[in-house]
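Everything below belongs to query.txt, which stores compact mmCIF, C-alpha atoms.
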```txt
# COMPACT_ATOMS: atom_id res chain seq x y z
CA MET A 19 -4.00 -22.63 -32.90
CA LYS A 20 -1.20 -25.17 -33.39
CA PRO A 21 1.54 -22.52 -33.84
CA SER A 22 0.37 -20.82 -30.65
CA LEU A 23 0.55 -24.13 -28.78
CA ARG A 24 4.09 -24.68 -30.07
CA ILE A 25 5.07 -21.23 -28.84
CA ALA A 26 3.35 -21.88 -25.49
CA LYS A 27 5.18 -25.20 -24.99
CA ARG A 28 8.44 -23.48 -25.90
CA GLU A 29 7.70 -20.72 -23.36
CA ILE A 30 6.99 -23.19 -20.55
CA ALA A 31 10.31 -24.93 -21.28
CA LEU A 32 12.12 -21.58 -21.28
CA LEU A 33 10.51 -20.66 -17.95
CA PHE A 34 12.29 -23.55 -16.22
CA ASN A 35 15.53 -23.07 -18.17
CA SER A 36 15.84 -19.31 -17.62
CA LYS A 37 16.86 -18.40 -14.07
CA SER A 38 15.80 -14.76 -14.48
CA THR A 39 12.31 -15.58 -15.72
CA PHE A 40 11.84 -18.28 -13.09
CA VAL A 41 12.83 -15.89 -10.29
CA LEU A 42 10.54 -13.11 -11.61
CA ALA A 43 7.53 -15.32 -12.25
CA VAL A 44 7.78 -17.98 -9.55
CA ILE A 45 10.13 -17.12 -6.69
CA LEU A 46 9.64 -13.38 -6.09
CA PRO A 47 5.81 -13.35 -6.08
CA PHE A 48 5.69 -15.87 -3.23
CA VAL A 49 8.55 -14.14 -1.39
CA SER A 50 6.60 -10.86 -1.53
CA ILE A 51 3.44 -12.57 -0.24
CA LEU A 52 5.35 -14.01 2.72
CA PHE A 53 7.27 -10.80 3.35
CA PHE A 54 4.37 -8.34 3.45
CA ASN A 55 2.01 -10.64 5.33
CA THR A 56 4.72 -11.14 7.95
CA LEU A 57 5.86 -7.50 8.05
CA LEU A 58 2.38 -6.09 8.72
CA SER A 59 0.96 -9.05 10.62
CA GLU A 60 0.35 -6.95 13.76
CA GLY A 61 -1.87 -4.56 11.82
CA VAL A 62 -1.50 -1.67 14.25
CA ALA A 63 1.73 -0.17 15.58
CA ARG A 64 2.06 -0.57 19.35
CA ASP A 65 4.49 0.50 22.11
CA LEU A 66 6.12 3.35 20.20
CA PRO A 67 9.02 4.63 22.37
CA VAL A 68 8.35 8.02 23.98
CA ALA A 69 10.46 10.04 26.43
CA VAL A 70 9.10 11.93 29.47
CA VAL A 71 10.84 14.86 31.12
CA ASP A 72 9.37 15.11 34.64
CA LEU A 73 10.38 18.44 36.18
CA ASP A 74 7.78 18.19 38.96
CA HIS A 75 8.42 14.75 40.53
CA THR A 76 5.12 14.60 42.40
CA ALA A 77 2.38 12.00 42.78
CA THR A 78 0.29 13.83 40.15
CA SER A 79 3.09 13.91 37.57
CA ARG A 80 3.80 10.22 38.21
CA ASN A 81 0.09 9.50 37.66
CA VAL A 82 0.26 11.28 34.29
CA ILE A 83 3.30 9.20 33.32
CA ALA A 84 1.55 5.97 34.39
CA GLN A 85 -1.51 6.79 32.31
CA LEU A 86 0.63 7.65 29.29
CA ASP A 87 2.50 4.36 29.67
CA ALA A 88 -0.81 2.50 29.90
CA ALA A 89 -1.85 3.74 26.45
CA PRO A 90 -1.39 0.83 24.02
CA ASP A 91 0.09 2.97 21.24
CA ILE A 92 3.07 4.29 23.19
CA LYS A 93 5.59 3.08 25.75
CA ILE A 94 7.55 5.35 28.10
CA GLY A 95 11.11 4.21 27.54
CA PHE A 96 13.27 7.22 28.42
CA PHE A 97 13.44 9.76 31.26
CA PRO A 98 15.88 12.47 30.14
CA ILE A 99 16.87 15.11 32.68
CA ASN A 100 15.79 18.04 30.52
CA GLN A 101 13.91 18.93 27.33
CA GLN A 102 17.08 19.32 25.27
CA LYS A 103 18.14 15.74 26.02
CA GLY A 104 14.67 14.58 25.02
CA GLU A 105 14.90 16.40 21.69
CA GLU A 106 18.22 14.66 21.08
CA LEU A 107 16.46 11.29 21.45
CA ILE A 108 14.00 12.32 18.71
CA SER A 109 16.87 13.46 16.47
CA LEU A 110 18.64 10.15 16.96
CA GLY A 111 15.45 8.22 16.15
CA LYS A 112 15.32 6.55 19.55
CA ALA A 113 12.01 8.18 20.53
CA TYR A 114 9.02 9.38 18.52
CA GLY A 115 8.00 12.03 21.04
CA VAL A 116 8.96 13.91 24.21
CA VAL A 117 6.43 14.87 26.87
CA THR A 118 7.57 17.55 29.32
CA ILE A 119 5.77 17.99 32.67
CA PRO A 120 6.64 21.47 34.02
CA GLN A 121 7.75 22.43 37.50
CA ASN A 122 5.01 23.17 40.04
CA PHE A 123 2.60 21.11 37.95
CA GLU A 124 0.75 19.58 40.92
CA GLU A 125 0.74 22.83 42.91
CA ASP A 126 -0.64 24.93 40.03
CA LEU A 127 -3.23 22.26 39.22
CA LYS A 128 -4.55 22.20 42.80
CA SER A 129 -4.66 25.99 42.97
CA GLY A 130 -6.95 26.14 39.93
CA LYS A 131 -4.41 27.45 37.44
CA GLN A 132 -4.24 26.24 33.85
CA VAL A 133 -1.12 24.19 33.29
CA ASN A 134 0.59 23.14 30.08
CA ILE A 135 2.14 19.76 29.39
CA ILE A 136 4.41 20.07 26.36
CA ASN A 137 4.30 17.35 23.72
CA GLN A 138 6.94 17.31 20.99
CA TYR A 139 6.71 14.61 18.33
CA ASN A 140 8.37 13.79 15.02
CA SER A 141 5.93 14.47 12.18
CA ASN A 142 8.45 13.25 9.58
CA PHE A 143 7.08 9.83 10.48
CA LEU A 144 3.41 10.49 9.78
CA LEU A 145 2.11 7.21 11.16
CA ALA A 146 4.25 7.08 14.31
CA GLY A 147 3.85 10.81 14.96
CA GLY A 148 0.11 10.64 14.46
CA LEU A 149 -0.27 7.70 16.85
CA GLU A 150 1.85 9.44 19.51
CA TYR A 151 -0.18 12.63 19.21
CA LYS A 152 -3.47 10.72 19.32
CA ALA A 153 -2.43 8.79 22.46
CA PHE A 154 -1.19 11.97 24.16
CA ARG A 155 -4.41 13.87 23.46
CA LYS A 156 -6.55 11.00 24.69
CA VAL A 157 -4.65 10.62 27.97
CA ILE A 158 -4.46 14.35 28.71
CA GLY A 159 -8.12 14.73 27.77
CA THR A 160 -9.06 12.00 30.24
CA ILE A 161 -6.98 13.56 33.03
CA SER A 162 -8.41 17.03 32.32
CA ALA A 163 -11.94 15.64 32.44
CA GLY A 164 -11.24 13.98 35.78
CA VAL A 165 -9.88 17.21 37.27
CA ASN A 166 -12.81 19.26 35.98
CA ILE A 167 -15.44 16.80 37.19
CA GLU A 168 -13.79 16.54 40.62
CA LYS A 169 -13.93 20.33 41.00
CA GLN A 170 -17.64 20.32 40.13
CA ARG A 171 -18.33 17.47 42.58
CA LYS A 172 -16.76 19.52 45.38
CA LYS A 173 -19.30 22.26 44.61
CA GLY A 174 -22.18 19.82 45.04
CA VAL A 175 -22.81 19.00 41.36
CA SER A 176 -23.84 15.39 40.68
CA LYS A 177 -21.44 13.18 38.74
CA GLN A 178 -23.82 12.87 35.77
CA GLN A 179 -24.39 16.62 35.60
CA ALA A 180 -20.67 17.25 35.92
CA LEU A 181 -20.07 15.01 32.92
CA VAL A 182 -22.69 16.94 30.92
CA ASN A 183 -21.22 20.29 32.00
CA TYR A 184 -17.74 19.22 30.95
CA GLN A 185 -18.85 17.87 27.56
CA PRO A 186 -22.28 19.22 26.56
CA ILE A 187 -21.81 17.95 22.99
CA LYS A 188 -20.66 14.35 22.68
CA ALA A 189 -19.18 13.07 19.44
CA ASN A 190 -20.63 9.81 18.12
CA ASN A 191 -18.06 8.54 15.64
CA HIS A 192 -18.67 5.65 13.26
CA ILE A 193 -15.61 4.40 11.37
CA LEU A 194 -16.61 2.94 8.01
CA SER A 195 -14.80 0.25 5.97
CA ASN A 196 -11.93 -0.31 8.43
CA PRO A 197 -13.39 0.08 11.94
CA TYR A 198 -10.33 -1.58 13.48
CA THR A 199 -8.00 1.08 11.97
CA ASN A 200 -5.82 -1.86 10.95
CA TYR A 201 -3.06 -0.54 8.69
CA SER A 202 -2.42 -4.00 7.29
CA TYR A 203 -5.94 -4.12 5.82
CA TYR A 204 -5.17 -1.04 3.75
CA LEU A 205 -1.42 -1.16 3.12
CA ASN A 206 -1.14 -4.87 2.35
CA THR A 207 -4.04 -4.61 -0.08
CA GLY A 208 -2.00 -2.03 -1.98
CA PHE A 209 1.55 -3.33 -1.59
CA LEU A 210 0.83 -6.97 -2.40
CA THR A 211 -1.20 -6.21 -5.52
CA MET A 212 1.25 -3.52 -6.66
CA PHE A 213 4.21 -5.91 -6.48
CA PHE A 214 2.08 -8.59 -8.12
CA GLN A 215 1.37 -6.40 -11.15
CA LEU A 216 5.06 -5.39 -11.27
CA PHE A 217 6.06 -9.05 -11.58
CA VAL A 218 3.48 -9.52 -14.36
CA MET A 219 4.89 -6.50 -16.20
CA LEU A 220 8.56 -7.47 -15.91
CA THR A 221 7.98 -11.15 -16.70
CA THR A 222 6.12 -10.23 -19.89
CA ILE A 223 8.84 -7.82 -20.96
CA TYR A 224 11.47 -10.42 -20.18
CA CYS A 225 9.85 -13.27 -22.10
CA PHE A 226 9.43 -11.15 -25.27
CA GLY A 227 12.53 -9.01 -24.85
CA ALA A 228 14.91 -11.92 -24.38
CA ASP A 229 13.96 -13.33 -27.80
CA LEU A 230 14.39 -9.94 -29.47
CA LYS A 231 17.68 -9.30 -27.68
CA TYR A 232 19.12 -12.51 -29.09
CA SER A 233 17.65 -11.94 -32.59
CA LYS A 234 15.04 -14.71 -32.39
CA GLY A 235 12.08 -12.63 -33.61
CA ASN A 236 12.31 -14.05 -37.14
CA LYS A 237 12.38 -17.59 -35.78
CA LEU A 238 9.14 -16.99 -33.89
CA LEU A 239 7.49 -15.57 -37.01
CA SER A 240 8.57 -18.60 -39.02
CA ILE A 241 7.03 -20.93 -36.42
CA THR A 242 3.70 -19.06 -36.63
CA ASN A 243 3.80 -18.47 -40.42
CA GLY A 244 4.14 -14.73 -39.94
CA SER A 245 1.28 -14.40 -37.41
CA LEU A 246 2.09 -11.87 -34.67
CA SER A 247 -1.16 -12.68 -32.86
CA ALA A 248 -0.11 -16.35 -32.61
CA ILE A 249 3.24 -15.32 -31.09
CA ILE A 250 1.57 -13.06 -28.54
CA LEU A 251 -1.07 -15.63 -27.64
CA GLY A 252 1.46 -18.45 -27.31
CA LYS A 253 3.91 -16.47 -25.19
CA VAL A 254 1.35 -14.69 -23.00
CA LEU A 255 -1.13 -17.50 -22.31
CA PRO A 256 1.05 -19.64 -19.98
CA TYR A 257 1.95 -16.61 -17.88
CA THR A 258 -1.64 -15.36 -17.83
CA ILE A 259 -2.80 -18.69 -16.38
CA TRP A 260 0.13 -18.83 -13.97
CA PHE A 261 -0.28 -15.28 -12.69
CA LEU A 262 -4.01 -15.76 -12.31
CA PHE A 263 -3.14 -18.60 -9.94
CA VAL A 264 -0.54 -16.45 -8.14
CA GLY A 265 -3.08 -13.61 -7.88
CA ILE A 266 -5.63 -15.93 -6.32
CA VAL A 267 -3.01 -17.12 -3.81
CA THR A 268 -2.23 -13.46 -3.04
CA LEU A 269 -5.90 -12.74 -2.37
CA LEU A 270 -6.24 -15.90 -0.26
CA SER A 271 -3.22 -14.83 1.80
CA MET A 272 -5.06 -11.62 2.69
CA TYR A 273 -8.69 -12.67 2.99
CA VAL A 274 -8.22 -16.21 4.36
CA TRP A 275 -4.80 -16.43 5.99
CA GLN A 276 -4.81 -12.89 7.45
CA ASP A 277 -8.61 -12.80 7.71
CA PHE A 278 -9.02 -9.38 6.09
CA PRO A 279 -12.67 -8.24 5.89
CA PHE A 280 -14.42 -9.05 2.61
CA PHE A 281 -18.02 -7.98 2.07
CA GLY A 282 -18.41 -7.76 -1.72
CA SER A 283 -18.41 -9.88 -4.86
CA LYS A 284 -15.64 -12.47 -5.27
CA THR A 285 -16.49 -12.86 -8.97
CA THR A 286 -15.99 -9.13 -9.58
CA VAL A 287 -12.58 -9.20 -7.87
CA LEU A 288 -11.48 -12.23 -9.92
CA ALA A 289 -12.61 -10.51 -13.11
CA GLY A 290 -10.67 -7.41 -12.08
CA LEU A 291 -7.61 -9.55 -11.29
CA LEU A 292 -7.65 -11.14 -14.76
CA LEU A 293 -8.04 -7.73 -16.40
CA LEU A 294 -5.16 -6.34 -14.30
CA ILE A 295 -2.93 -9.13 -15.62
CA LEU A 296 -3.99 -8.59 -19.24
CA ALA A 297 -3.66 -4.79 -18.98
CA ASN A 298 -0.12 -5.05 -17.64
CA GLN A 299 0.80 -7.52 -20.36
CA SER A 300 -0.62 -5.11 -22.93
CA PHE A 301 1.44 -2.24 -21.53
CA ALA A 302 4.52 -4.48 -21.46
CA LEU A 303 4.16 -5.11 -25.20
CA PHE A 304 3.70 -1.38 -25.73
CA PHE A 305 6.95 -0.65 -23.86
CA ILE A 306 8.77 -3.27 -25.94
CA ALA A 307 7.49 -1.64 -29.13
CA ILE A 308 8.69 1.86 -28.19
CA SER A 309 12.03 0.78 -26.71
CA GLY A 310 15.29 0.61 -28.54
CA SER A 311 16.73 -2.15 -26.37
CA PHE A 312 15.87 -4.86 -23.90
CA ARG A 313 17.32 -2.85 -21.01
CA GLU A 314 15.29 0.21 -21.94
CA ALA A 315 12.06 -1.80 -22.03
CA LEU A 316 12.76 -3.25 -18.57
CA THR A 317 13.59 0.21 -17.20
CA ILE A 318 10.39 1.78 -18.54
CA GLY A 319 8.27 -1.16 -17.39
CA SER A 320 9.67 -1.24 -13.86
CA GLY A 321 9.33 2.55 -13.59
CA PHE A 322 5.72 2.43 -14.78
CA GLY A 323 4.86 -0.32 -12.31
CA ALA A 324 6.56 1.36 -9.36
CA VAL A 325 5.09 4.82 -10.03
CA SER A 326 1.59 3.33 -10.24
CA LEU A 327 1.57 3.05 -6.43
CA SER A 328 1.81 6.84 -6.10
CA PHE A 329 -1.00 7.38 -8.60
CA SER A 330 -3.34 4.86 -6.94
CA GLY A 331 -4.24 7.12 -4.02
CA ILE A 332 -2.75 4.80 -1.39
CA THR A 333 -0.07 7.32 -0.33
CA PHE A 334 -1.88 10.57 -1.26
CA PRO A 335 -5.55 10.92 -2.29
CA ILE A 336 -6.10 11.32 -6.02
CA PHE A 337 -8.62 14.14 -5.54
CA GLY A 338 -5.90 16.16 -3.75
CA MET A 339 -3.51 15.96 -6.73
CA PRO A 340 -3.29 18.64 -9.45
CA GLU A 341 -5.92 18.07 -12.12
CA ILE A 342 -3.42 16.97 -14.75
CA LEU A 343 -2.10 14.27 -12.39
CA GLN A 344 -5.66 13.16 -11.62
CA TRP A 345 -6.12 12.53 -15.34
CA LEU A 346 -2.72 10.84 -15.57
CA SER A 347 -3.63 8.47 -12.72
CA GLN A 348 -6.35 6.99 -14.93
CA VAL A 349 -3.71 5.58 -17.29
CA PHE A 350 -2.44 3.12 -14.67
CA PRO A 351 -4.33 -0.21 -14.46
CA PHE A 352 -3.40 -0.53 -10.79
CA THR A 353 -5.37 2.63 -9.91
CA HIS A 354 -8.62 1.06 -11.07
CA PHE A 355 -7.94 -2.42 -9.70
CA PHE A 356 -7.03 -1.02 -6.28
CA GLU A 357 -10.26 0.99 -6.18
CA LEU A 358 -12.24 -2.07 -7.27
CA LEU A 359 -10.57 -4.24 -4.62
CA LEU A 360 -11.30 -1.76 -1.81
CA ASP A 361 -14.91 -1.34 -2.98
CA GLN A 362 -15.54 -5.07 -3.05
CA SER A 363 -13.57 -6.07 0.06
CA GLN A 364 -13.69 -3.46 2.81
CA ARG A 365 -16.46 -1.16 1.60
CA GLY A 366 -18.79 -3.95 0.51
CA PHE A 367 -20.24 -2.04 -2.45
CA PRO A 368 -22.56 -3.85 -4.89
CA ALA A 369 -20.76 -5.15 -7.98
CA PHE A 370 -22.52 -2.52 -10.09
CA TYR A 371 -20.41 0.22 -8.51
CA SER A 372 -17.24 -1.46 -9.82
CA LEU A 373 -18.48 -1.51 -13.41
CA LYS A 374 -16.61 1.71 -14.23
CA ALA A 375 -13.30 0.20 -13.07
CA ILE A 376 -13.98 -2.97 -15.07
CA ILE A 377 -14.71 -0.99 -18.25
CA ILE A 378 -11.57 1.15 -17.88
CA LEU A 379 -9.45 -1.98 -17.29
CA VAL A 380 -10.89 -3.51 -20.49
CA VAL A 381 -9.96 -0.34 -22.38
CA LEU A 382 -6.44 -0.45 -20.91
CA CYS A 383 -6.12 -4.06 -22.10
CA ILE A 384 -6.96 -3.07 -25.68
CA VAL A 385 -5.49 0.39 -26.29
CA PRO A 386 -1.73 -0.14 -25.57
CA ILE A 387 -1.38 -3.24 -27.73
CA SER A 388 -3.57 -1.74 -30.49
CA ILE A 389 -1.45 1.39 -30.91
CA SER A 390 1.77 -0.62 -30.84
CA TRP A 391 0.66 -3.53 -33.06
CA PHE A 392 2.29 -2.44 -36.32
CA LYS A 393 5.48 -1.38 -34.59
CA LEU A 394 5.63 -4.79 -32.88
CA LYS A 395 5.11 -6.45 -36.25
CA ARG A 396 8.04 -4.54 -37.77
CA LEU A 397 10.17 -5.33 -34.72
CA PHE A 398 9.59 -9.08 -35.08
CA LEU A 399 10.15 -8.92 -38.83
CA LYS A 400 13.48 -7.26 -38.09
CA GLY A 401 14.03 -9.95 -35.48
CA LYS A 402 15.77 -7.84 -32.87
CA PHE A 403 15.96 -4.53 -31.02
CA ASN A 404 17.84 -1.60 -32.53
CA HIS A 405 20.43 -1.99 -29.78
CA SER A 406 21.73 -5.25 -28.38
CA ILE A 407 21.95 -4.24 -24.69
```
Using structure tokens, write down the structure from this file.
Amino acid sequence: MKPSLRIAKREIALLFNSKSTFVLAVILPFVSILFFNTLLSEGVARDLPVAVVDLDHTATSRNVIAQLDAAPDIKIGFFPINQQKGEELISLGKAYGVVTIPQNFEEDLKSGKQVNIINQYNSNFLLAGGLEYKAFRKVIGTISAGVNIEKQRKKGVSKQQALVNYQPIKANNHILSNPYTNYSYYLNTGFLTMFFQLFVMLTTIYCFGADLKYSKGNKLLSITNGSLSAIILGKVLPYTIWFLFVGIVTLLSMYVWQDFPFFGSKTTVLAGLLLLILANQSFALFFIAISGSFREALTIGSGFGAVSLSFSGITFPIFGMPEILQWLSQVFPFTHFFELLLDQSQRGFPAFYSLKAIIILVVLCIVPISISWFKLKRLFLKGKFNHSI
């Protein structure tokens, strides 16, 4: 244990003497916490700019515009003279949608004809386009219902019966897990923990790789009397404790500061957090073992950490991926931690349902370092990487 403690004390001293390690382990994690919690503090996008082309200029068309502007998701900010000018606003990124009210809109509506209001929106921006489309449908649906009910009332139908005639089947929607449709609840949960695990990965690679880059592997072995496990324990332990603290601060920033919903087991989440740290440290050692240089190890590690976001299901559901990619997604520790975190926070599942994620994280802690152990041993005996870059 004494050699490990010597290595640990040495590592703590190096942390404060190395600007790169200090920035990776101390500065950037807290910057990311502040950045993402500030960036998505509103939770839901509001007042998205939309253009309206009013070719009718009547009281009815102005009423439609007023109701569109009253929708919280969108804000009428432009009134181009024709549809082409409105499309130019979308192309320039100044508006997310263009609503065109045709000529003779009021006259055709009063004469009982079906009229079309054209809605063009930019689906390249899935979130903004989806919100614009949702707001447009809701407003036009409300106006259509009012017109239909008014026609029935003129024929002597009661208001209640007119409502039933217009919508004989009423949808009763229940939104589970995130009833507020707050994007911050979902996106911050993913982004903050993804960047957190990336910092764990890169810090671990840096603290081992820097010694091997400068041919200090033999020195470490001499301190520990040839024990690789003592080197790993001594170098990893301070960062494990530190990142466990940083991880807890990250969780507190979401579930206390931002008041994200949390309905599950705190103990299960903390266990998952510790395993996420250990799994990323294990993969970091694996990448060091298979790399020919310090730069290569950092490149592979940063790529692995960044790609893990795509394989977690946060941007595209895992079950919609090709089968081979579904299997590949299971290799990433973040995939299982993210699922565990959602289950225990927003979904409120019993801890038993997160047992699978816990077991897989344990396996991912053991397997990478096990298959790279002997190669790591040879690398430290050699004392340096094959290349000095």
Residue with smallest distance to Gly208 (chain A) - pool A:Pro340, A:Gly331, A:Pro67, A:Pro47, counting only C-alpha atoms: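 Selected residue with least distance to Gly208 (chain A): A:Gly331.
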Could you jot down the CA of Tyr371 (chain A) to CA of Phe356 (chain A) separation for me, Å, one decimal place?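 That distance, rounded to one decimal, is 13.6 Å.
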Within 7 Å of region 297-310 of chain A, which residues of region 192-223 of chain A come that close, and what is the closest atom pair and distance in Å for each? Count all atoms listed in the file and give it as JSON lines.
```
{"residue": "A:Gln215", "atom": "CA", "partner": "A:Asn298", "partner_atom": "CA", "distance": 6.8}
{"residue": "A:Val218", "atom": "CA", "partner": "A:Asn298", "partner_atom": "CA", "distance": 6.6}
{"residue": "A:Met219", "atom": "CA", "partner": "A:Asn298", "partner_atom": "CA", "distance": 5.4}
{"residue": "A:Thr222", "atom": "CA", "partner": "A:Gln299", "partner_atom": "CA", "distance": 6.0}
{"residue": "A:Ile223", "atom": "CA", "partner": "A:Ala302", "partner_atom": "CA", "distance": 5.5}
```
Which one of A:Phe322, A:Tyr224, A:Tyr204, A:Phe403 sits closest to Val41 (chain A) if you count only C-alpha atoms?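 The shortest atom-to-atom distance to Val41 (chain A) comes from A:Tyr224.
In this model, the gap between CA of Arg313 (chain A) and CA of Thr268 (chain A) comes to 28.6 Å.
Taking all atoms listed in the file, the non-local environment of Ala69 (chain A) within 6 Å (same-chain residues fewer than 2 positions away omitted) comprises Ile94, Gly95, Phe96, Phe97 and Val116 of chain A.
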Give the answer as one residue: which of A:Pro21, A:Glu29, A:Val49, A:Lys131 has the shortest atom-to-atom distance to Pro256 (chain A), using only C-alpha atoms?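 Checking each of A:Pro21, A:Glu29, A:Val49, A:Lys131 against Pro256 (chain A), counting only C-alpha atoms, the winner is A:Glu29.
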Quick one: of A:Ala113, A:Val274, A:Lys234, A:Leu360, who's nearest to Thr207 (chain A), counting only C-alpha atoms?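 For Thr207 (chain A), the nearest of the candidates is A:Leu360.
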Quick one: residues within 12 Å of Ile332 (chain A), only C-alpha atoms counted, chain neighbours fewer than 5 positions away excluded, as an NGL selection string? :A and (201 or 203-209 or 211-212 or 325-327 or 337 or 347 or 352-354 or 356-357 or 360)
Rounded to one decimal, what separation in Å do you get between CA of Ile167 (chain A) and CA of Glu125 (chain A)? 18.2 Å
Skip region 239-253 of chain A itself and residues of its chain fewer than 5 positions away, then list as a PyMOL selection string all residues within 12 Å of it, counting all atoms listed in the file. chain A and resi 19-33+221-230+233-234+258-259+296+299-300+302-303+387-388+390-401
Identify which of the residues A:Pro386, A:Leu358, A:Gln102, A:Ser129 lies closest to Lys374 (chain A), counting only C-alpha atoms when measuring atom-to-atom distances.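 For Lys374 (chain A), the nearest of the given residues is A:Leu358.
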Take the point (5.2, -10.6, 6.3) in the file's coordinates, draw a sphere of radius 12 Å around it, and report as a list in words every protein, DNA or RNA residue with an atom inside or on it, counting all atoms listed in the file. Phe48, Val49, Ser50, Ile51, Leu52, Phe53, Phe54, Asn55, Thr56, Leu57, Leu58, Ser59, Glu60, Gly61, Ser202, Leu205, Asn206, Phe209, Leu210, Ser271, Met272, Trp275 and Gln276 of chain A
List every residue of region 124-166 of chain A that has an atom at most 10 Å from any atom of region 74-82 of chain A, and for each one report the closest atom pair and its distance in Å to one decimal, counting all atoms listed in the file, with rows sorted by chain and then by increasing residue number, as JSON lines.
```
{"residue": "A:Glu124", "atom": "CA", "partner": "A:Thr78", "partner_atom": "CA", "distance": 5.8}
{"residue": "A:Glu125", "atom": "CA", "partner": "A:Asp74", "partner_atom": "CA", "distance": 9.3}
{"residue": "A:Leu127", "atom": "CA", "partner": "A:Thr78", "partner_atom": "CA", "distance": 9.2}
{"residue": "A:Ile135", "atom": "CA", "partner": "A:Val82", "partner_atom": "CA", "distance": 10.0}
{"residue": "A:Val157", "atom": "CA", "partner": "A:Val82", "partner_atom": "CA", "distance": 8.0}
{"residue": "A:Ile158", "atom": "CA", "partner": "A:Val82", "partner_atom": "CA", "distance": 7.9}
{"residue": "A:Ile161", "atom": "CA", "partner": "A:Val82", "partner_atom": "CA", "distance": 7.7}
```
Would you compute an axis-aligned box for region 22-30 of chain A, covering every atom listed for it in the file with 3 Å of margin on each side, and report centre and edge lengths in Å to one decimal as JSON?
```
{"center_x": 4.4, "center_y": -23.0, "center_z": -25.6, "size_x": 14.1, "size_y": 10.5, "size_z": 16.1}
```
Selected residue, from A:Leu382, A:Leu255, A:Leu220, A:Ile376, that lies nearest to Gly321 (chain A) when counting all atoms listed in the file: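 Using all atoms listed in the file, Gly321 (chain A) sits closest to A:Leu220.
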Using only C-alpha atoms, which residues sit within 10 Å of region 182-194 of chain A once same-chain residues fewer than 3 positions away are excluded, as a PyMOL selection string? chain A and resi 162-164+166-167+170+175-179+197-199+364-365
